[in-house]
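Everything below belongs to start.cif, which stores mmCIF, N, CA and C atoms and all ligand atoms.
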data_run
#
loop_
_atom_site.label_atom_id
_atom_site.label_comp_id
_atom_site.auth_asym_id
_atom_site.auth_seq_id
_atom_site.Cartn_x
_atom_site.Cartn_y
_atom_site.Cartn_z
N MET X 1 35.98 -20.04 15.87
CA MET X 1 35.06 -19.52 16.91
C MET X 1 33.77 -20.33 16.88
N GLU X 2 33.51 -21.03 17.97
CA GLU X 2 32.30 -21.86 18.03
C GLU X 2 31.05 -21.00 18.13
N ASN X 3 29.96 -21.50 17.55
CA ASN X 3 28.67 -20.83 17.65
C ASN X 3 28.63 -19.43 17.04
N CYS X 4 29.54 -19.15 16.13
CA CYS X 4 29.47 -17.88 15.40
C CYS X 4 28.91 -18.19 14.01
N ILE X 5 27.72 -17.67 13.73
CA ILE X 5 27.04 -18.00 12.47
C ILE X 5 27.83 -17.54 11.26
N PHE X 6 28.50 -16.39 11.35
CA PHE X 6 29.25 -15.91 10.19
C PHE X 6 30.55 -16.69 9.99
N CYS X 7 31.13 -17.24 11.05
CA CYS X 7 32.25 -18.18 10.87
C CYS X 7 31.78 -19.38 10.06
N LYS X 8 30.61 -19.89 10.43
CA LYS X 8 30.09 -21.10 9.76
C LYS X 8 29.74 -20.80 8.30
N ILE X 9 29.14 -19.66 8.06
CA ILE X 9 28.80 -19.29 6.68
C ILE X 9 30.09 -19.03 5.88
N ALA X 10 30.99 -18.24 6.45
CA ALA X 10 32.22 -17.86 5.72
C ALA X 10 33.02 -19.09 5.34
N ASN X 11 33.03 -20.09 6.23
CA ASN X 11 33.84 -21.28 5.99
C ASN X 11 33.07 -22.41 5.32
N GLY X 12 31.82 -22.12 4.91
CA GLY X 12 31.05 -23.05 4.10
C GLY X 12 30.36 -24.16 4.87
N GLU X 13 30.34 -24.07 6.21
CA GLU X 13 29.64 -25.09 7.01
C GLU X 13 28.13 -24.92 6.90
N ILE X 14 27.70 -23.67 6.68
CA ILE X 14 26.29 -23.38 6.42
C ILE X 14 26.23 -22.78 5.02
N PRO X 15 25.35 -23.35 4.16
CA PRO X 15 25.28 -22.85 2.79
C PRO X 15 24.75 -21.41 2.72
N SER X 16 25.18 -20.67 1.74
CA SER X 16 24.73 -19.29 1.58
C SER X 16 24.74 -18.93 0.10
N ALA X 17 24.06 -17.85 -0.23
CA ALA X 17 24.09 -17.34 -1.61
C ALA X 17 25.41 -16.57 -1.77
N THR X 18 26.39 -17.28 -2.32
CA THR X 18 27.76 -16.74 -2.40
C THR X 18 28.00 -16.06 -3.75
N LEU X 19 28.48 -14.82 -3.69
CA LEU X 19 28.81 -14.07 -4.90
C LEU X 19 30.28 -14.20 -5.25
N TYR X 20 31.09 -14.45 -4.21
CA TYR X 20 32.55 -14.47 -4.41
C TYR X 20 33.17 -15.22 -3.23
N GLU X 21 34.26 -15.94 -3.52
CA GLU X 21 34.99 -16.59 -2.44
C GLU X 21 36.47 -16.67 -2.80
N ASP X 22 37.33 -16.42 -1.83
CA ASP X 22 38.76 -16.73 -1.99
C ASP X 22 39.26 -17.32 -0.68
N GLU X 23 40.56 -17.41 -0.50
CA GLU X 23 41.05 -18.12 0.71
C GLU X 23 40.78 -17.33 2.01
N ASP X 24 40.56 -16.04 1.88
CA ASP X 24 40.37 -15.20 3.08
C ASP X 24 38.94 -14.73 3.32
N PHE X 25 38.12 -14.68 2.27
CA PHE X 25 36.80 -14.06 2.37
C PHE X 25 35.73 -14.85 1.63
N ARG X 26 34.48 -14.62 2.09
CA ARG X 26 33.31 -15.02 1.30
C ARG X 26 32.40 -13.79 1.23
N VAL X 27 31.83 -13.55 0.07
CA VAL X 27 30.86 -12.46 -0.09
C VAL X 27 29.50 -13.09 -0.38
N ILE X 28 28.52 -12.73 0.46
CA ILE X 28 27.20 -13.38 0.37
C ILE X 28 26.11 -12.32 0.25
N LEU X 29 24.95 -12.75 -0.22
CA LEU X 29 23.79 -11.86 -0.21
C LEU X 29 23.22 -11.81 1.20
N ASP X 30 22.84 -10.61 1.63
CA ASP X 30 22.23 -10.43 2.95
C ASP X 30 20.84 -11.08 2.97
N LEU X 31 20.54 -11.76 4.07
CA LEU X 31 19.25 -12.45 4.24
C LEU X 31 18.09 -11.46 4.32
N GLY X 32 18.32 -10.30 4.85
CA GLY X 32 17.28 -9.27 4.95
C GLY X 32 17.75 -8.00 4.24
N PRO X 33 17.75 -8.04 2.90
CA PRO X 33 18.41 -6.97 2.15
C PRO X 33 17.77 -5.60 2.32
N ALA X 34 18.60 -4.58 2.46
CA ALA X 34 18.13 -3.19 2.52
C ALA X 34 17.79 -2.70 1.11
N SER X 35 18.39 -3.32 0.11
CA SER X 35 18.10 -2.97 -1.30
C SER X 35 18.49 -4.17 -2.15
N LYS X 36 18.10 -4.13 -3.43
CA LYS X 36 18.44 -5.22 -4.34
C LYS X 36 19.97 -5.33 -4.47
N GLY X 37 20.51 -6.50 -4.16
CA GLY X 37 21.94 -6.73 -4.30
C GLY X 37 22.74 -6.49 -3.03
N HIS X 38 22.06 -6.18 -1.92
CA HIS X 38 22.75 -5.96 -0.63
C HIS X 38 23.59 -7.20 -0.30
N ALA X 39 24.88 -6.99 -0.17
CA ALA X 39 25.80 -8.10 0.06
C ALA X 39 26.65 -7.83 1.30
N LEU X 40 27.27 -8.89 1.79
CA LEU X 40 28.12 -8.79 2.98
C LEU X 40 29.48 -9.42 2.67
N ILE X 41 30.52 -8.72 3.05
CA ILE X 41 31.87 -9.28 2.97
C ILE X 41 32.21 -9.89 4.33
N LEU X 42 32.48 -11.18 4.34
CA LEU X 42 32.83 -11.89 5.58
C LEU X 42 34.26 -12.41 5.51
N PRO X 43 35.14 -11.99 6.42
CA PRO X 43 36.44 -12.66 6.52
C PRO X 43 36.24 -14.08 7.04
N LYS X 44 37.07 -15.01 6.59
CA LYS X 44 36.94 -16.39 7.07
C LYS X 44 37.49 -16.55 8.48
N SER X 45 38.43 -15.68 8.84
CA SER X 45 38.95 -15.75 10.22
C SER X 45 38.11 -14.85 11.12
N HIS X 46 37.87 -15.32 12.33
CA HIS X 46 36.96 -14.58 13.22
C HIS X 46 37.62 -13.35 13.82
N ALA X 47 36.92 -12.22 13.71
CA ALA X 47 37.22 -11.01 14.50
C ALA X 47 35.84 -10.46 14.81
N ALA X 48 35.60 -10.10 16.05
CA ALA X 48 34.26 -9.66 16.44
C ALA X 48 33.90 -8.32 15.82
N ASN X 49 34.93 -7.49 15.61
CA ASN X 49 34.68 -6.11 15.17
C ASN X 49 35.96 -5.53 14.57
N ILE X 50 35.91 -4.26 14.20
CA ILE X 50 37.07 -3.65 13.52
C ILE X 50 38.28 -3.55 14.44
N TYR X 51 38.03 -3.45 15.75
CA TYR X 51 39.15 -3.32 16.69
C TYR X 51 39.99 -4.59 16.75
N GLU X 52 39.34 -5.73 16.52
CA GLU X 52 40.03 -7.02 16.58
C GLU X 52 40.61 -7.44 15.23
N LEU X 53 40.22 -6.73 14.18
CA LEU X 53 40.60 -7.16 12.83
C LEU X 53 42.11 -6.98 12.59
N GLN X 54 42.74 -8.01 12.01
CA GLN X 54 44.16 -7.90 11.64
C GLN X 54 44.32 -6.85 10.54
N ASP X 55 45.41 -6.10 10.60
CA ASP X 55 45.67 -5.07 9.59
C ASP X 55 45.65 -5.65 8.17
N GLU X 56 46.25 -6.81 8.02
CA GLU X 56 46.33 -7.41 6.69
C GLU X 56 44.92 -7.72 6.15
N THR X 57 44.07 -8.23 7.02
CA THR X 57 42.69 -8.55 6.62
C THR X 57 41.93 -7.26 6.30
N ALA X 58 42.17 -6.22 7.11
CA ALA X 58 41.49 -4.93 6.87
C ALA X 58 41.85 -4.38 5.49
N GLY X 59 43.12 -4.47 5.15
CA GLY X 59 43.57 -3.98 3.84
C GLY X 59 42.93 -4.76 2.70
N LYS X 60 42.95 -6.09 2.84
CA LYS X 60 42.36 -6.94 1.80
C LYS X 60 40.86 -6.71 1.69
N ALA X 61 40.20 -6.50 2.83
CA ALA X 61 38.74 -6.29 2.83
C ALA X 61 38.38 -5.02 2.06
N MET X 62 39.17 -3.99 2.22
CA MET X 62 38.88 -2.72 1.53
C MET X 62 39.06 -2.87 0.03
N ILE X 63 40.11 -3.58 -0.37
CA ILE X 63 40.33 -3.82 -1.80
C ILE X 63 39.19 -4.66 -2.38
N LEU X 64 38.77 -5.66 -1.61
CA LEU X 64 37.66 -6.50 -2.07
C LEU X 64 36.36 -5.69 -2.13
N ALA X 65 36.15 -4.79 -1.17
CA ALA X 65 34.95 -3.94 -1.18
C ALA X 65 34.92 -3.11 -2.46
N LYS X 66 36.06 -2.59 -2.84
CA LYS X 66 36.15 -1.80 -4.07
C LYS X 66 35.78 -2.64 -5.29
N LYS X 67 36.37 -3.85 -5.35
CA LYS X 67 36.11 -4.75 -6.49
C LYS X 67 34.63 -5.13 -6.56
N MET X 68 34.07 -5.52 -5.41
CA MET X 68 32.68 -6.00 -5.38
C MET X 68 31.70 -4.85 -5.68
N ALA X 69 32.00 -3.66 -5.16
CA ALA X 69 31.12 -2.51 -5.42
C ALA X 69 31.09 -2.21 -6.92
N THR X 70 32.23 -2.31 -7.55
CA THR X 70 32.31 -2.03 -9.00
C THR X 70 31.55 -3.11 -9.78
N LYS X 71 31.73 -4.36 -9.35
CA LYS X 71 31.06 -5.49 -10.01
C LYS X 71 29.54 -5.36 -9.87
N LEU X 72 29.11 -5.04 -8.65
CA LEU X 72 27.66 -4.92 -8.40
C LEU X 72 27.08 -3.72 -9.15
N ARG X 73 27.80 -2.62 -9.14
CA ARG X 73 27.33 -1.44 -9.89
C ARG X 73 27.17 -1.79 -11.37
N ASP X 74 28.15 -2.47 -11.93
CA ASP X 74 28.08 -2.82 -13.35
C ASP X 74 26.96 -3.81 -13.62
N GLY X 75 26.76 -4.77 -12.71
CA GLY X 75 25.74 -5.80 -12.92
C GLY X 75 24.33 -5.32 -12.65
N LEU X 76 24.18 -4.43 -11.69
CA LEU X 76 22.83 -4.02 -11.26
C LEU X 76 22.43 -2.66 -11.81
N ASN X 77 23.41 -1.96 -12.34
CA ASN X 77 23.14 -0.62 -12.86
C ASN X 77 22.54 0.29 -11.78
N CYS X 78 23.07 0.21 -10.58
CA CYS X 78 22.54 1.05 -9.49
C CYS X 78 23.05 2.48 -9.65
N ASP X 79 22.43 3.37 -8.90
CA ASP X 79 22.73 4.80 -9.06
C ASP X 79 23.74 5.32 -8.04
N GLY X 80 23.97 4.55 -7.00
CA GLY X 80 24.92 4.94 -5.97
C GLY X 80 25.23 3.74 -5.10
N PHE X 81 26.05 3.96 -4.08
CA PHE X 81 26.52 2.83 -3.29
C PHE X 81 26.86 3.27 -1.87
N ASN X 82 26.40 2.50 -0.88
CA ASN X 82 26.87 2.68 0.50
C ASN X 82 27.70 1.47 0.91
N ILE X 83 28.79 1.74 1.60
CA ILE X 83 29.56 0.67 2.27
C ILE X 83 29.50 1.00 3.75
N VAL X 84 28.92 0.04 4.51
CA VAL X 84 28.61 0.29 5.92
C VAL X 84 29.24 -0.81 6.76
N GLN X 85 29.72 -0.43 7.92
CA GLN X 85 30.36 -1.42 8.80
C GLN X 85 30.06 -1.01 10.24
N ASN X 86 29.29 -1.83 10.95
CA ASN X 86 28.82 -1.48 12.30
C ASN X 86 29.67 -2.17 13.38
N ASN X 87 29.96 -1.43 14.44
CA ASN X 87 30.70 -1.98 15.59
C ASN X 87 29.97 -1.64 16.88
N GLY X 88 29.50 -2.69 17.56
CA GLY X 88 28.81 -2.49 18.83
C GLY X 88 27.31 -2.35 18.64
N GLU X 89 26.59 -2.83 19.65
CA GLU X 89 25.12 -2.81 19.59
C GLU X 89 24.55 -1.43 19.33
N ILE X 90 25.12 -0.43 19.99
CA ILE X 90 24.62 0.93 19.86
C ILE X 90 24.75 1.43 18.42
N ALA X 91 25.71 0.87 17.71
CA ALA X 91 25.94 1.26 16.31
C ALA X 91 25.14 0.39 15.34
N GLY X 92 24.36 -0.55 15.88
CA GLY X 92 23.52 -1.39 15.02
C GLY X 92 24.09 -2.74 14.70
N GLN X 93 25.23 -3.10 15.31
CA GLN X 93 25.79 -4.43 15.04
C GLN X 93 24.92 -5.50 15.70
N THR X 94 24.54 -6.50 14.92
CA THR X 94 23.72 -7.60 15.46
C THR X 94 24.44 -8.94 15.36
N VAL X 95 25.41 -9.04 14.46
CA VAL X 95 26.21 -10.26 14.35
C VAL X 95 27.65 -9.88 14.67
N PHE X 96 28.21 -10.53 15.68
CA PHE X 96 29.49 -10.09 16.23
C PHE X 96 30.67 -10.85 15.61
N HIS X 97 30.66 -10.80 14.29
CA HIS X 97 31.77 -11.26 13.44
C HIS X 97 31.91 -10.15 12.41
N PHE X 98 33.08 -9.53 12.36
CA PHE X 98 33.29 -8.38 11.47
C PHE X 98 32.70 -8.64 10.08
N HIS X 99 32.00 -7.66 9.55
CA HIS X 99 31.51 -7.75 8.17
C HIS X 99 31.30 -6.35 7.62
N MET X 100 31.35 -6.25 6.31
CA MET X 100 31.09 -4.99 5.62
C MET X 100 29.84 -5.16 4.78
N HIS X 101 28.94 -4.19 4.89
CA HIS X 101 27.73 -4.17 4.06
C HIS X 101 28.03 -3.46 2.75
N LEU X 102 27.64 -4.09 1.66
CA LEU X 102 27.71 -3.46 0.33
C LEU X 102 26.27 -3.22 -0.09
N ILE X 103 25.88 -1.95 -0.14
CA ILE X 103 24.45 -1.63 -0.35
C ILE X 103 24.28 -0.78 -1.60
N PRO X 104 23.84 -1.42 -2.71
CA PRO X 104 23.56 -0.64 -3.91
C PRO X 104 22.37 0.29 -3.66
N ARG X 105 22.43 1.48 -4.22
CA ARG X 105 21.35 2.46 -4.04
C ARG X 105 20.74 2.82 -5.39
N TYR X 106 19.43 3.04 -5.34
CA TYR X 106 18.67 3.32 -6.55
C TYR X 106 17.88 4.61 -6.37
N GLU X 107 17.78 5.39 -7.43
CA GLU X 107 16.98 6.62 -7.37
C GLU X 107 15.61 6.30 -6.81
N GLY X 108 15.18 7.03 -5.80
CA GLY X 108 13.83 6.85 -5.25
C GLY X 108 13.74 5.76 -4.20
N ASP X 109 14.84 5.07 -3.90
CA ASP X 109 14.73 4.02 -2.87
C ASP X 109 14.59 4.69 -1.50
N ASN X 110 14.28 3.85 -0.52
CA ASN X 110 13.95 4.42 0.79
C ASN X 110 14.81 3.79 1.87
N VAL X 111 16.08 3.59 1.54
CA VAL X 111 16.96 2.90 2.48
C VAL X 111 17.37 3.89 3.57
N GLY X 112 17.08 3.52 4.81
CA GLY X 112 17.51 4.37 5.93
C GLY X 112 18.80 3.84 6.53
N ILE X 113 19.87 4.56 6.33
CA ILE X 113 21.17 4.09 6.87
C ILE X 113 21.64 5.06 7.93
P1 LIG L 201 24.84 -5.95 11.41
O1 LIG L 201 23.52 -5.42 11.90
O2 LIG L 201 25.51 -6.84 12.43
O3 LIG L 201 25.76 -4.89 10.87
O4 LIG L 201 24.49 -6.81 10.14
C1 LIG L 201 24.08 -8.13 10.20
C2 LIG L 201 23.46 -8.44 8.84
O5 LIG L 201 23.50 -9.82 8.66
C3 LIG L 201 22.00 -8.00 8.72
O6 LIG L 201 21.85 -7.16 7.59
C4 LIG L 201 21.24 -9.31 8.58
O7 LIG L 201 20.16 -9.20 7.66
C5 LIG L 201 22.30 -10.26 8.07
N1 LIG L 201 22.16 -11.64 8.50
C6 LIG L 201 21.94 -12.10 9.76
N2 LIG L 201 21.93 -13.44 9.78
C7 LIG L 201 22.18 -13.84 8.51
C8 LIG L 201 22.31 -15.12 7.89
O8 LIG L 201 22.19 -16.19 8.52
N3 LIG L 201 22.56 -15.15 6.56
C9 LIG L 201 22.72 -14.00 5.81
N4 LIG L 201 22.95 -14.14 4.50
N5 LIG L 201 22.60 -12.77 6.36
C10 LIG L 201 22.34 -12.70 7.69
ZN ZN L 202 32.96 -15.61 13.59
#

Starting from the file, lay out its structure as structure tokens.
Amino acid sequence: MENCIFCKIANGEIPSATLYEDEDFRVILDLGPASKGHALILPKSHAANIYELQDETAGKAMILAKKMATKLRDGLNCDGFNIVQNNGEIAGQTVFHFHMHLIPRYEGDNVGI
């Protein structure tokens, strides 16, 4: 998909702070983090939103979300965790390439989700 920033990041055309990569996904730190360790799971293949996402990719993304949440919890010692995924402008989506937010939560933080 031309001119999709997350396609370029996921496929390594634009450098990013990468926490994890495999043949299907890249996990990066969010540029405007809601909390310390806020990360994004990006599939390497383009889907604008959850409706377009292949079932196989959806399954793998959920397993990866579980792995990354556990890794981040262990590394950051956070107190809780949100996994957020926005579809459509009204829902807060600003980048139209499917992604999952991994948001570590800390006692007393002020994250509005
Ligand atoms: P959305 O609002 O679409 O669910 O989430 C988009 C997220 O991508 C936002 O949290 C925003 O901070 C992040 N973001 C937007 N552009 C970039 C970028 O170029 N690099 C990184 N690492 N994050 C980005
Ligand atoms: Zn894309």

Using the file's own x, y and z axes, so that the box edges lie along x, y and z, what centre and edge lengths in Å (one decimal) does a box around every listed atom of ligand LIG 201 (chain L) get when 3 Å is added on each side? Give it as AutoDock Vina command-line options.
--center_x 23.0 --center_y -10.5 --center_z 8.5 --size_x 11.6 --size_y 17.3 --size_z 13.9

**Request:** One decimal, Å: what's the distance from atom CA of Gly88 of chain X over to atom C of Ala17 of chain X, could you say?
**Result:**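 For atom CA of Gly88 of chain X relative to atom C of Ala17 of chain X, the distance reads 25.2 Å.
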
**Message:** Nearest residue to ligand ZN 202 (chain L) out of X:Ser45, X:Asn110, X:Asn77, X:Ser35, using all atoms listed in the file?
**Reply:**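 Selected residue with least distance to ligand ZN 202 (chain L): X:Ser45.
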
**Asked** Given a cut-off of 7 Å, what residues near ligand LIG 201 (chain L) show up using all atoms listed in the file, put as number ranges by chain?
**Response** X: 5-6, 16-17, 28-34, 84-87, 91-97, 99, 101

Would you write out those residues with N, CA and C atoms, as an mmCIF file, in the coordinates of the input?
data_model
loop_
_atom_site.group_PDB
_atom_site.id
_atom_site.type_symbol
_atom_site.label_atom_id
_atom_site.label_comp_id
_atom_site.auth_asym_id
_atom_site.auth_seq_id
_atom_site.Cartn_x
_atom_site.Cartn_y
_atom_site.Cartn_z
ATOM 1 N N ILE X 5 27.720 -17.670 13.730
ATOM 2 C CA ILE X 5 27.040 -18.000 12.470
ATOM 3 C C ILE X 5 27.830 -17.540 11.260
ATOM 4 N N PHE X 6 28.500 -16.390 11.350
ATOM 5 C CA PHE X 6 29.250 -15.910 10.190
ATOM 6 C C PHE X 6 30.550 -16.690 9.990
ATOM 7 N N SER X 16 25.180 -20.670 1.740
ATOM 8 C CA SER X 16 24.730 -19.290 1.580
ATOM 9 C C SER X 16 24.740 -18.930 0.100
ATOM 10 N N ALA X 17 24.060 -17.850 -0.230
ATOM 11 C CA ALA X 17 24.090 -17.340 -1.610
ATOM 12 C C ALA X 17 25.410 -16.570 -1.770
ATOM 13 N N ILE X 28 28.520 -12.730 0.460
ATOM 14 C CA ILE X 28 27.200 -13.380 0.370
ATOM 15 C C ILE X 28 26.110 -12.320 0.250
ATOM 16 N N LEU X 29 24.950 -12.750 -0.220
ATOM 17 C CA LEU X 29 23.790 -11.860 -0.210
ATOM 18 C C LEU X 29 23.220 -11.810 1.200
ATOM 19 N N ASP X 30 22.840 -10.610 1.630
ATOM 20 C CA ASP X 30 22.230 -10.430 2.950
ATOM 21 C C ASP X 30 20.840 -11.080 2.970
ATOM 22 N N LEU X 31 20.540 -11.760 4.070
ATOM 23 C CA LEU X 31 19.250 -12.450 4.240
ATOM 24 C C LEU X 31 18.090 -11.460 4.320
ATOM 25 N N GLY X 32 18.320 -10.300 4.850
ATOM 26 C CA GLY X 32 17.280 -9.270 4.950
ATOM 27 C C GLY X 32 17.750 -8.000 4.240
ATOM 28 N N PRO X 33 17.750 -8.040 2.900
ATOM 29 C CA PRO X 33 18.410 -6.970 2.150
ATOM 30 C C PRO X 33 17.770 -5.600 2.320
ATOM 31 N N ALA X 34 18.600 -4.580 2.460
ATOM 32 C CA ALA X 34 18.130 -3.190 2.520
ATOM 33 C C ALA X 34 17.790 -2.700 1.110
ATOM 34 N N VAL X 84 28.920 0.040 4.510
ATOM 35 C CA VAL X 84 28.610 0.290 5.920
ATOM 36 C C VAL X 84 29.240 -0.810 6.760
ATOM 37 N N GLN X 85 29.720 -0.430 7.920
ATOM 38 C CA GLN X 85 30.360 -1.420 8.800
ATOM 39 C C GLN X 85 30.060 -1.010 10.240
ATOM 40 N N ASN X 86 29.290 -1.830 10.950
ATOM 41 C CA ASN X 86 28.820 -1.480 12.300
ATOM 42 C C ASN X 86 29.670 -2.170 13.380
ATOM 43 N N ASN X 87 29.960 -1.430 14.440
ATOM 44 C CA ASN X 87 30.700 -1.980 15.590
ATOM 45 C C ASN X 87 29.970 -1.640 16.880
ATOM 46 N N ALA X 91 25.710 0.870 17.710
ATOM 47 C CA ALA X 91 25.940 1.260 16.310
ATOM 48 C C ALA X 91 25.140 0.390 15.340
ATOM 49 N N GLY X 92 24.360 -0.550 15.880
ATOM 50 C CA GLY X 92 23.520 -1.390 15.020
ATOM 51 C C GLY X 92 24.090 -2.740 14.700
ATOM 52 N N GLN X 93 25.230 -3.100 15.310
ATOM 53 C CA GLN X 93 25.790 -4.430 15.040
ATOM 54 C C GLN X 93 24.920 -5.500 15.700
ATOM 55 N N THR X 94 24.540 -6.500 14.920
ATOM 56 C CA THR X 94 23.720 -7.600 15.460
ATOM 57 C C THR X 94 24.440 -8.940 15.360
ATOM 58 N N VAL X 95 25.410 -9.040 14.460
ATOM 59 C CA VAL X 95 26.210 -10.260 14.350
ATOM 60 C C VAL X 95 27.650 -9.880 14.670
ATOM 61 N N PHE X 96 28.210 -10.530 15.680
ATOM 62 C CA PHE X 96 29.490 -10.090 16.230
ATOM 63 C C PHE X 96 30.670 -10.850 15.610
ATOM 64 N N HIS X 97 30.660 -10.800 14.290
ATOM 65 C CA HIS X 97 31.770 -11.260 13.440
ATOM 66 C C HIS X 97 31.910 -10.150 12.410
ATOM 67 N N HIS X 99 32.000 -7.660 9.550
ATOM 68 C CA HIS X 99 31.510 -7.750 8.170
ATOM 69 C C HIS X 99 31.300 -6.350 7.620
ATOM 70 N N HIS X 101 28.940 -4.190 4.890
ATOM 71 C CA HIS X 101 27.730 -4.170 4.060
ATOM 72 C C HIS X 101 28.030 -3.460 2.750
#

**Request:** Would you mind listing the residues within 8 Å of ligand ZN 202 (chain L), counting all atoms listed in the file, as a list in words?
**Result:**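 So the residues close to ligand ZN 202 (chain L) are Met1, Glu2, Asn3, Cys4, Ile5, Phe6, Cys7, Lys8, Ile9, Ala10, Pro43, Lys44, Ser45, His46, Ala47, Ala48, Val95, Phe96, His97 and Phe98 of chain X.
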
List the neighbours of segment 56-65 of chain X out to 8 Å using all atoms listed in the file; skip same-chain residues closer than 5 positions along the sequence, and give me the result as a PDB file with N, CA and C atoms, in the coordinates of the input.
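Resulting contents of out-v7.pdb:
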ATOM      1  N   ASP X  24      40.560 -16.040   1.880  1.00  0.00           N
ATOM      2  CA  ASP X  24      40.370 -15.200   3.080  1.00  0.00           C
ATOM      3  C   ASP X  24      38.940 -14.730   3.320  1.00  0.00           C
ATOM      4  N   ILE X  41      30.520  -8.720   3.050  1.00  0.00           N
ATOM      5  CA  ILE X  41      31.870  -9.280   2.970  1.00  0.00           C
ATOM      6  C   ILE X  41      32.210  -9.890   4.330  1.00  0.00           C
ATOM      7  N   PRO X  43      35.140 -11.990   6.420  1.00  0.00           N
ATOM      8  CA  PRO X  43      36.440 -12.660   6.520  1.00  0.00           C
ATOM      9  C   PRO X  43      36.240 -14.080   7.040  1.00  0.00           C
ATOM     10  N   THR X  70      32.230  -2.310  -7.550  1.00  0.00           N
ATOM     11  CA  THR X  70      32.310  -2.030  -9.000  1.00  0.00           C
ATOM     12  C   THR X  70      31.550  -3.110  -9.780  1.00  0.00           C
ATOM     13  N   LYS X  71      31.730  -4.360  -9.350  1.00  0.00           N
ATOM     14  CA  LYS X  71      31.060  -5.490 -10.010  1.00  0.00           C
ATOM     15  C   LYS X  71      29.540  -5.360  -9.870  1.00  0.00           C
ATOM     16  N   ILE X  83      28.790   1.740   1.600  1.00  0.00           N
ATOM     17  CA  ILE X  83      29.560   0.670   2.270  1.00  0.00           C
ATOM     18  C   ILE X  83      29.500   1.000   3.750  1.00  0.00           C
ATOM     19  N   MET X 100      31.350  -6.250   6.310  1.00  0.00           N
ATOM     20  CA  MET X 100      31.090  -4.990   5.620  1.00  0.00           C
ATOM     21  C   MET X 100      29.840  -5.160   4.780  1.00  0.00           C
ATOM     22  N   HIS X 101      28.940  -4.190   4.890  1.00  0.00           N
ATOM     23  CA  HIS X 101      27.730  -4.170   4.060  1.00  0.00           C
ATOM     24  C   HIS X 101      28.030  -3.460   2.750  1.00  0.00           C
ATOM     25  N   LEU X 102      27.640  -4.090   1.660  1.00  0.00           N
ATOM     26  CA  LEU X 102      27.710  -3.460   0.330  1.00  0.00           C
ATOM     27  C   LEU X 102      26.270  -3.220  -0.090  1.00  0.00           C
TER      28      LEU X 102
END

**Message:** Just to confirm, what's the straight-line distance from atom C of Pro15 of chain X to atom N of Gly112 of chain X in Å (one decimal)?
**Reply:**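 So the answer is 26.2 Å.
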
**Request:** Could you check how far atom CA of Lys67 of chain X sits from atom CA of Lys36 of chain X, in Å to one decimal?
**Result:** 17.8 Å

**Request:** Return as JSON, numbers by chain the full set of residues in segment 15-100 of chain X whose backbone-based DSSP assignment is helix (DSSP H, G or I).
**Result:** {"X": [55, 56, 57, 58, 59, 60, 61, 62, 63, 64, 65, 66, 67, 68, 69, 70, 71, 72, 73, 74, 75, 76, 89, 90, 91]}

**Prompt:** Which residue out of X:Leu53, X:Ile90, X:Leu40, X:Ile14 has the minimum interatomic distance to Ile103 of chain X when all atoms listed in the file are used?
**Reply:**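 Going through X:Leu53, X:Ile90, X:Leu40, X:Ile14 one by one, the smallest distance to Ile103 of chain X is for X:Leu40.
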
**Request:** Apply DSSP to the structure's backbone, then extract all residues of chain X labelled strand (DSSP E or B) and return them as a PyMOL selection string.
**Result:** chain X and resi 18-21+25-29+39-43+80-84+100-105

**Item:** Selected residue, from X:Met68, X:Ile113, X:Val27, X:Leu42, that lies nearest to Asn82 of chain X when counting only C-alpha atoms
**Value:** X:Ile113

**Message:** I need the residue nearest Pro104 of chain X from this list: X:Asp55, X:Glu23, X:Lys66, X:Gly37. Use only C-alpha atoms for the distance.
**Reply:**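 Ranking X:Asp55, X:Glu23, X:Lys66, X:Gly37 by distance to Pro104 of chain X, first place goes to X:Gly37.
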